[in-house]
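Here the structure is laid out as structure tokens; the discussion comes afterwards.
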Amino acid sequence: MGAAIAVFMILVAATAPLLAAVAGQDYTTYHDNLLDSARGGVPLGGLGGISSEHWLGVEPGTGRDLFARVVYGAQVSLGVAVGATVLEVLIGLLVGTAAGLGGRWADAILTRFVDLVLALPILVIAISLLAIVPQDWPRPLLLATVIAVLGWGGTARITRGETLTLRTRDYVAAARLSGAGWFRIARREILPGLTAPVLTYAALLLPTNMIVEAGLSFLGVGVRTPTPSWGQMLSTATTWFRADPMYVLIPGGLLFLTLLSFVLVANGLRRALDPRQSEVLR
Amino acid sequence: MRRALTLVLPGLLLLAACDGGGGGSTSASGDFDPATCQGGTLTVLNQGGITHLDPARLYTSGGGNIPSLLFRTLTTRNRQPGEAGAKPAPDLATDLGTPSDGAKTWTYKLRDDVFFEDGTPITSADVKYGIERSFAPELPGGAPYLRDWLQDAASYQGPYKQPEGIKSIETPDDKTIVFKLSKPEGDFPFLATATQFAPVPKAKDKGVGYEAHPVSSGPYQVESYEPKKSLVLVRNTHWSSKSDTLRYACPDRIEVTAGLDAAVINQRLVSGAGQDANAVTTDASVGPEQLAQLGNGGPLDKQVARGEFPATYYLAFNTKKAPFDNQKVREALSYAVNRTSVVNALGGSTIVGSSTTFLPPQKALGYQQYDHFPAGDTGDPAKAKAVLAEAGLTNLTIELAHSNSDDSGYGPKVAAAVQEAFKQAGVTVKLTAIDDATYRDVTGKPATEPGASLQYWGADWPSGGPFLIPIFDGRQIITAGGNFNLAQYNDPQVNAEIDAINALTDQSSAQARWGALDEKIGKLALTIPLAHEKDVFLFGKNVKNAVPDGWRGTYDLSRISVK
């Protein structure tokens, strides 16, 4: 079930331009004629202006098509989260294996450094960082990078721990005795053993990163208008939640569903990949 | 005359200043009797304000709403709905002042029956001292006009450093005060409504600490005050309604709470539980939630005051920067703008109206209707493209600066609406968000000023002068920062016309010429006027006589009753 929703969301995000074209809408065009200006710009008609042309209604205050904004928003929200997660895993693997295999001093220094990264107040630093960078930098890429640079500590720590247990295994000792270098050992002997725990952890990181992206966009330092993201939509929706509840329910509901599906997928992965758990289940 | 942006400045009334006075209120004052309205406690629920309480530090329009309960000034706003309210009225003085020497000298006589809260009679020396304090660098924040207008006062550093005082303010006796100006200023009675014209007894002055308990000359005095949080006012027993017919001073006690969220304030006013039934707000205009419940004959329609504070939202061009040095570009963009989207971005047609003139539509400012570049309700992209093609420009890309906060009225929402409208005309807009706290600093310094930026201008007093002079007088271009002539427009003919109008003391002839001047400058498309402010404020269900005054657009706390 979780996987089905997750796959569906990823498909929606990937095909956003196509879906918007099918609906015959784009996410920037204003439809002022569909709003009740005297009442603050709420959409005319019930359920936030849902009609055969505007499948999910229109955005209050601007009249932009909500369906187009939601699917493009999925692209941004998921894209940033996936990008950040991939980067975090890469950095974490690199630092974690280096610490695990690098000897006493390298381990001590890298571990302290990871502790430092873990102790950083992510949201505060991300807000200040995103507020000072030039505005013509591509925001989604920037968001993914900032989230990853501040958030790779967890993967590094897990990787190091696993590496330390793996390096004492007999097959690693055998490889060492047969003259393999550290790089080759890391690549051929350690990395395959890391796949399961790191993959599980990454699956849990993904929804966390989505929340961080939504949070940053909600706080106004994420993607910039007119580019939509779910967090940003929720941010503007706070002033509309009584006058146009659909505008809160749609992005909020999608965010909830997506997060839930990824958490379910992560749980499923952990169960499938963790040998102890699977034995219990059997 | 440097700035008029009542909304943005840090004083007490600043936020409170943004509401206007044209429309009628549903709570008519027909059966209201100021003689029997006394009693009860009025609650004021605000977002901001009460940052300062020192009359030298407040930047108000017409003396402000809360400060005006504490401070009487030489003149004050007339506190009437509609046009009558856009005029000054005598307060401490017996009349609006006697001009002489071609409006370069203004003489005021004080009333005999005015006292401070300790019973001491108010003298002309107290008024002079109050003005001198406002020049002290220790007490910044007030409007800059006096420094500009008074003779030889430009470099005065306040009574703490220069106790000899300002020579161009004379007090020949205890009841007479004479102002000598460097140039004719027919608007002096309007300026004399500012809190800088409130009397301050020299013996009680504690410098920066004075605002903990400023000595009251008005109907209320401070019981307790915590900056930015709370203020409790109780009656000043030495004030008498016989000496002050404009302030009704109905409640016995006024409790101000600041730091609340606008949505929370309006929700509390709607539900009116307990003491909230006696509550008002001076700075939280209604949001979409309340707009949905208004205008359909429901109970909330009896709890709303609609007014208009004269203020314009506009797009400013820097004509020293390409491509905006080209008038055709400015004209094309004026045709392209979609005012319906902008109005919706600002909160809809109930709280703003679209504008094609720089002066907002108040007669007191000299408003004259014109539409030099007709864009209709939703823009005329075809005409805009034609004008650009005529000028030989295609695939134009421009930058538009805006604040990063929507609260100010020149934030991302308006910018996105403008961006989309210009896109229809084939013009690509790159948006530059600037932190709200530094927005005016960046745009107000010609060295850092962007080519195009979103702006807001409110009236320090209802007259064309404080609206047009800072924006279009070439002598007001300030290179050091704090500049509002963003077009950096300097036409000696326009400057001469401004001086000629300033010398007029007859408001109706001044109005006609301000309006004509606005119409003339409008042809140059130095700005794109977008919208003007309207103000819709709720009040609790027990509140009576909440009538918006014509100067500020909000109901006047000195006239509200909760009995």
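So you can find residues: chains in the structure tokens are A, B, ... in the order shown, residues in each start at 1, and ligands are numbered from 1 in order.
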If you run DSSP on the backbone, which residues of range 277-399 of chain B are alpha helix (DSSP H), as JSON, numbers by chain? {"B": [288, 289, 290, 291, 327, 328, 329, 330, 331, 332, 333, 334, 335, 336, 339, 340, 341, 342, 343, 344, 345, 381, 382, 383, 384, 385, 386, 387, 388, 389, 390]}
Name the residues in contact with Gly151 in chain A at a cut-off of 12 Å, using only C-alpha atoms, excluding same-chain residues fewer than 5 positions from it; report them as a PyMOL selection string. chain A and resi 81+84-92+114-123+125-126+143-146+156-157+202+205-206+208-209+212
Print the selection's residues with N, CA, C and O atoms to a file, as a short mmCIF file (atom, residue, chain, number, x, y, z; two decimals), in the first residue's frame.
```
data_model
loop_
_atom_site.label_atom_id
_atom_site.label_comp_id
_atom_site.auth_asym_id
_atom_site.auth_seq_id
_atom_site.Cartn_x
_atom_site.Cartn_y
_atom_site.Cartn_z
N ALA A 81 13.73 16.54 -1.84
CA ALA A 81 13.93 15.51 -0.82
C ALA A 81 14.82 14.38 -1.34
O ALA A 81 15.75 13.94 -0.65
N ALA A 84 18.44 15.68 -1.80
CA ALA A 84 19.11 15.84 -0.52
C ALA A 84 19.48 14.48 0.06
O ALA A 84 20.60 14.29 0.57
N THR A 85 18.57 13.50 -0.04
CA THR A 85 18.84 12.19 0.52
C THR A 85 20.02 11.51 -0.17
O THR A 85 20.90 10.96 0.49
N VAL A 86 20.04 11.58 -1.50
CA VAL A 86 21.14 10.96 -2.25
C VAL A 86 22.48 11.58 -1.83
O VAL A 86 23.45 10.88 -1.54
N LEU A 87 22.51 12.90 -1.75
CA LEU A 87 23.73 13.59 -1.35
C LEU A 87 24.15 13.19 0.06
O LEU A 87 25.33 12.93 0.33
N GLU A 88 23.18 13.13 0.97
CA GLU A 88 23.48 12.77 2.35
C GLU A 88 24.08 11.38 2.42
O GLU A 88 25.04 11.13 3.15
N VAL A 89 23.50 10.45 1.65
CA VAL A 89 23.99 9.07 1.67
C VAL A 89 25.42 9.02 1.14
O VAL A 89 26.30 8.37 1.71
N LEU A 90 25.68 9.75 0.04
CA LEU A 90 27.02 9.75 -0.54
C LEU A 90 28.05 10.29 0.45
O LEU A 90 29.07 9.65 0.72
N ILE A 91 27.76 11.48 1.00
CA ILE A 91 28.71 12.07 1.95
C ILE A 91 28.86 11.16 3.16
O ILE A 91 29.97 10.90 3.64
N GLY A 92 27.74 10.66 3.66
CA GLY A 92 27.76 9.82 4.85
C GLY A 92 28.58 8.55 4.64
O GLY A 92 29.38 8.16 5.50
N VAL A 114 31.72 14.46 12.91
CA VAL A 114 30.33 14.02 12.70
C VAL A 114 29.47 14.47 13.88
O VAL A 114 28.35 14.96 13.70
N ASP A 115 30.02 14.35 15.09
CA ASP A 115 29.28 14.81 16.27
C ASP A 115 28.91 16.27 16.12
O ASP A 115 27.80 16.71 16.43
N LEU A 116 29.89 17.04 15.62
CA LEU A 116 29.68 18.47 15.43
C LEU A 116 28.53 18.72 14.46
O LEU A 116 27.63 19.51 14.72
N VAL A 117 28.59 17.99 13.32
CA VAL A 117 27.54 18.17 12.30
C VAL A 117 26.18 17.80 12.88
O VAL A 117 25.18 18.48 12.65
N LEU A 118 26.15 16.71 13.69
CA LEU A 118 24.88 16.27 14.26
C LEU A 118 24.34 17.30 15.24
O LEU A 118 23.13 17.41 15.43
N ALA A 119 25.25 18.06 15.85
CA ALA A 119 24.81 19.01 16.86
C ALA A 119 24.33 20.32 16.25
O ALA A 119 23.80 21.16 16.95
N LEU A 120 24.55 20.50 14.93
CA LEU A 120 24.16 21.77 14.31
C LEU A 120 22.64 21.93 14.33
O LEU A 120 21.92 20.98 14.01
N PRO A 121 22.15 23.11 14.69
CA PRO A 121 20.71 23.36 14.59
C PRO A 121 20.34 23.58 13.13
O PRO A 121 20.51 24.68 12.60
N ILE A 122 19.88 22.51 12.47
CA ILE A 122 19.71 22.53 11.02
C ILE A 122 18.84 23.68 10.54
O ILE A 122 19.23 24.44 9.66
N LEU A 123 17.67 23.82 11.14
CA LEU A 123 16.71 24.80 10.64
C LEU A 123 17.26 26.21 10.71
O LEU A 123 17.17 26.99 9.77
N ILE A 125 20.42 27.28 10.86
CA ILE A 125 21.51 27.55 9.92
C ILE A 125 20.98 27.59 8.49
O ILE A 125 21.35 28.45 7.70
N ALA A 126 20.08 26.66 8.16
CA ALA A 126 19.54 26.63 6.80
C ALA A 126 18.81 27.94 6.50
O ALA A 126 18.97 28.50 5.41
N LEU A 143 18.42 24.24 -2.19
CA LEU A 143 17.73 23.66 -1.03
C LEU A 143 18.26 22.25 -0.74
O LEU A 143 18.60 21.92 0.40
N ALA A 144 18.34 21.43 -1.83
CA ALA A 144 18.82 20.06 -1.65
C ALA A 144 20.23 20.07 -1.07
O ALA A 144 20.54 19.31 -0.14
N THR A 145 21.09 20.93 -1.60
CA THR A 145 22.47 20.97 -1.13
C THR A 145 22.54 21.38 0.34
O THR A 145 23.24 20.76 1.14
N VAL A 146 21.82 22.44 0.68
CA VAL A 146 21.88 22.94 2.06
C VAL A 146 21.37 21.87 3.03
O VAL A 146 22.00 21.60 4.06
N ALA A 156 26.59 9.03 8.25
CA ALA A 156 28.01 8.80 8.53
C ALA A 156 28.16 7.95 9.78
O ALA A 156 28.96 7.01 9.83
N ARG A 157 27.39 8.25 10.79
CA ARG A 157 27.52 7.52 12.04
C ARG A 157 27.11 6.06 11.89
O ARG A 157 27.81 5.15 12.35
N ALA A 202 18.14 5.56 4.60
CA ALA A 202 17.83 6.55 3.56
C ALA A 202 16.33 6.66 3.36
O ALA A 202 15.79 7.76 3.17
N LEU A 205 15.14 8.80 5.89
CA LEU A 205 15.62 10.19 5.72
C LEU A 205 14.74 10.95 4.74
O LEU A 205 14.51 12.15 4.90
N LEU A 206 14.27 10.25 3.71
CA LEU A 206 13.53 10.91 2.65
C LEU A 206 12.33 11.71 3.18
O LEU A 206 12.22 12.91 2.92
N THR A 208 11.84 12.76 6.18
CA THR A 208 12.36 13.82 7.04
C THR A 208 12.78 15.02 6.19
O THR A 208 12.48 16.17 6.51
N ASN A 209 13.48 14.73 5.09
CA ASN A 209 13.92 15.81 4.23
C ASN A 209 12.75 16.55 3.59
O ASN A 209 12.81 17.75 3.37
N VAL A 212 11.62 18.93 6.11
CA VAL A 212 12.53 20.08 6.22
C VAL A 212 12.29 21.05 5.05
O VAL A 212 12.19 22.26 5.24
#
```
Tell me which protein, DNA and RNA residues are within 10 Å of Gly49 in chain A, counting only C-alpha atoms, leaving out same-chain ones fewer than 6 positions away, and put them as a PyMOL selection string. chain A and resi 34-35+42-43+55-60+63+65-66+244+246
Write the residues you've just listed into a file as a tab-separated table (two decimals), in the first residue's frame, and include C-alpha atoms for each of them.
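And here is the file that came out, result-v6.tsv:
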```
chain	number	residue	atom	x	y	z
A	34	LEU	CA	-12.72	33.15	-10.94
A	35	LEU	CA	-12.23	35.04	-7.67
A	42	VAL	CA	-11.72	33.53	-2.35
A	43	PRO	CA	-12.52	31.32	-5.35
A	55	TRP	CA	-9.86	19.90	-11.35
A	56	LEU	CA	-8.74	20.88	-7.87
A	57	GLY	CA	-10.05	24.44	-7.98
A	58	VAL	CA	-7.96	27.58	-8.04
A	59	GLU	CA	-5.61	29.24	-5.60
A	60	PRO	CA	-7.32	31.96	-3.53
A	63	GLY	CA	-6.76	32.21	-9.35
A	65	ASP	CA	-4.85	26.47	-11.27
A	66	LEU	CA	-4.43	24.34	-8.16
A	244	ASP	CA	-11.21	28.32	1.64
A	246	MET	CA	-9.79	23.15	0.27
```
List every residue of chain B that has an atom at most 7 Å from any atom of chain A, giving for each one its closest atom pair and the distance in Å to one decimal, counting only C-alpha atoms, sorted by chain and then by ascending residue number, as a tab-separated table.
```
residue	atom	partner	partner_atom	distance
B:Pro288	CA	A:Gly40	CA	4.9
B:Glu289	CA	A:Ala243	CA	5.0
B:Leu291	CA	A:Arg39	CA	4.9
B:Ala292	CA	A:Arg39	CA	5.4
B:Thr340	CA	A:Asp32	CA	6.7
B:Ser341	CA	A:Asp32	CA	6.2
B:Asn344	CA	A:Gly61	CA	5.2
B:Ala345	CA	A:Gly61	CA	5.6
B:Gly347	CA	A:Gly40	CA	4.9
B:Gly348	CA	A:Gly40	CA	4.2
B:Ser349	CA	A:Ala38	CA	4.7
B:Thr350	CA	A:Ala38	CA	4.8
B:Ala416	CA	A:Pro226	CA	6.5
B:Glu420	CA	A:Thr29	CA	7.0
B:Thr432	CA	A:Gln135	CA	6.8
```
Contacts of range 178-197 of chain B with range 145-149 of chain B up to 10 Å, shortest pair per row, only C-alpha atoms, as CSV:
```
residue,atom,partner,partner_atom,distance
B:Phe179,CA,B:Trp149,CA,9.7
B:Lys180,CA,B:Trp149,CA,8.6
B:Leu181,CA,B:Trp149,CA,5.5
B:Ser182,CA,B:Trp149,CA,5.9
B:Lys183,CA,B:Trp149,CA,6.8
B:Pro184,CA,B:Trp149,CA,8.7
B:Glu185,CA,B:Trp149,CA,7.9
B:Phe188,CA,B:Trp149,CA,9.3
B:Leu191,CA,B:Tyr145,CA,8.0
B:Ala192,CA,B:Leu146,CA,9.7
B:Gln196,CA,B:Leu146,CA,9.2
```
Output for the residues just chosen: N, CA and C atoms as a compact mmCIF listing (two decimals), in the first residue's frame:
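That gives us out23.txt:
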```
# COMPACT_ATOMS: atom_id res chain seq x y z
N PHE B 179 6.23 80.81 15.44
CA PHE B 179 7.17 80.00 14.66
C PHE B 179 7.64 80.80 13.45
N LYS B 180 8.97 80.91 13.28
CA LYS B 180 9.52 81.59 12.10
C LYS B 180 10.09 80.53 11.17
N LEU B 181 9.53 80.46 9.96
CA LEU B 181 9.94 79.42 9.02
C LEU B 181 10.87 79.98 7.96
N SER B 182 11.65 79.10 7.35
CA SER B 182 12.60 79.54 6.33
C SER B 182 11.92 79.73 4.98
N LYS B 183 10.72 79.16 4.81
CA LYS B 183 10.00 79.31 3.54
C LYS B 183 8.50 79.25 3.84
N PRO B 184 7.68 79.76 2.96
CA PRO B 184 6.23 79.76 3.24
C PRO B 184 5.70 78.33 3.33
N GLU B 185 4.90 78.05 4.35
CA GLU B 185 4.30 76.72 4.50
C GLU B 185 2.84 76.87 4.90
N PHE B 188 1.17 74.49 7.70
CA PHE B 188 1.66 74.43 9.09
C PHE B 188 0.61 73.93 10.09
N LEU B 191 0.75 70.21 10.20
CA LEU B 191 1.92 69.65 10.89
C LEU B 191 1.77 69.79 12.40
N ALA B 192 1.12 70.87 12.86
CA ALA B 192 0.99 71.12 14.30
C ALA B 192 0.09 70.10 15.00
N GLN B 196 4.96 65.92 18.30
CA GLN B 196 6.09 66.80 18.65
C GLN B 196 5.59 68.15 19.14
```
May I have the residues within 7 Å of Tyr72 in chain A as a PyMOL selection string, using only C-alpha atoms and disregarding those fewer than 3 positions away in the same chain? chain A and resi 13+16+68-69+75-76+228
Show which residues sit within 9 Å of Leu42 in chain B, as a compact mmCIF listing (two decimals) with C-alpha atoms, in the first residue's frame. Count only C-alpha atoms, and ignore same-chain residues fewer than 3 positions away.
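New file selection-v4.txt:
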```txt
# COMPACT_ATOMS: atom_id res chain seq x y z
CA PRO B 251 -14.32 54.85 28.93
CA ASP B 252 -12.97 55.22 32.48
CA ARG B 253 -10.10 52.93 31.69
CA ILE B 254 -8.31 51.82 28.51
CA GLU B 255 -6.22 48.65 28.38
CA VAL B 256 -3.97 48.15 25.36
CA GLN B 275 -14.16 41.60 27.93
CA ASN B 278 -15.65 45.87 24.65
CA ALA B 279 -12.60 45.50 22.42
CA VAL B 280 -11.31 47.33 19.37
CA VAL B 543 -18.64 49.24 21.32
CA LEU B 557 -10.42 55.92 20.46
CA ILE B 560 -15.59 55.42 21.37
CA SER B 561 -17.92 54.36 24.18
CA VAL B 562 -18.36 50.96 25.82
```
Taking the chain letters and numbering used in this document, name the residues of range 137-300 of chain B that DSSP puts in strand (DSSP E), as a ChimeraX atom specification. /B:169-173,176-180,220-226,230-235,253-257,279-280
If you measure from CA of Asp436 in chain B to CA of Leu486 in chain B, what distance in Å do you get, rounded to one decimal?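 Taking CA of Asp436 in chain B and CA of Leu486 in chain B, their separation equals 17.5 Å.
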Residues within 10 Å of Pro381 in chain B, please, as a PyMOL selection string. Count only C-alpha atoms; anything in the same chain fewer than 2 positions from it doesn't count. chain B and resi 332-338+375+378-379+383-387+421-427
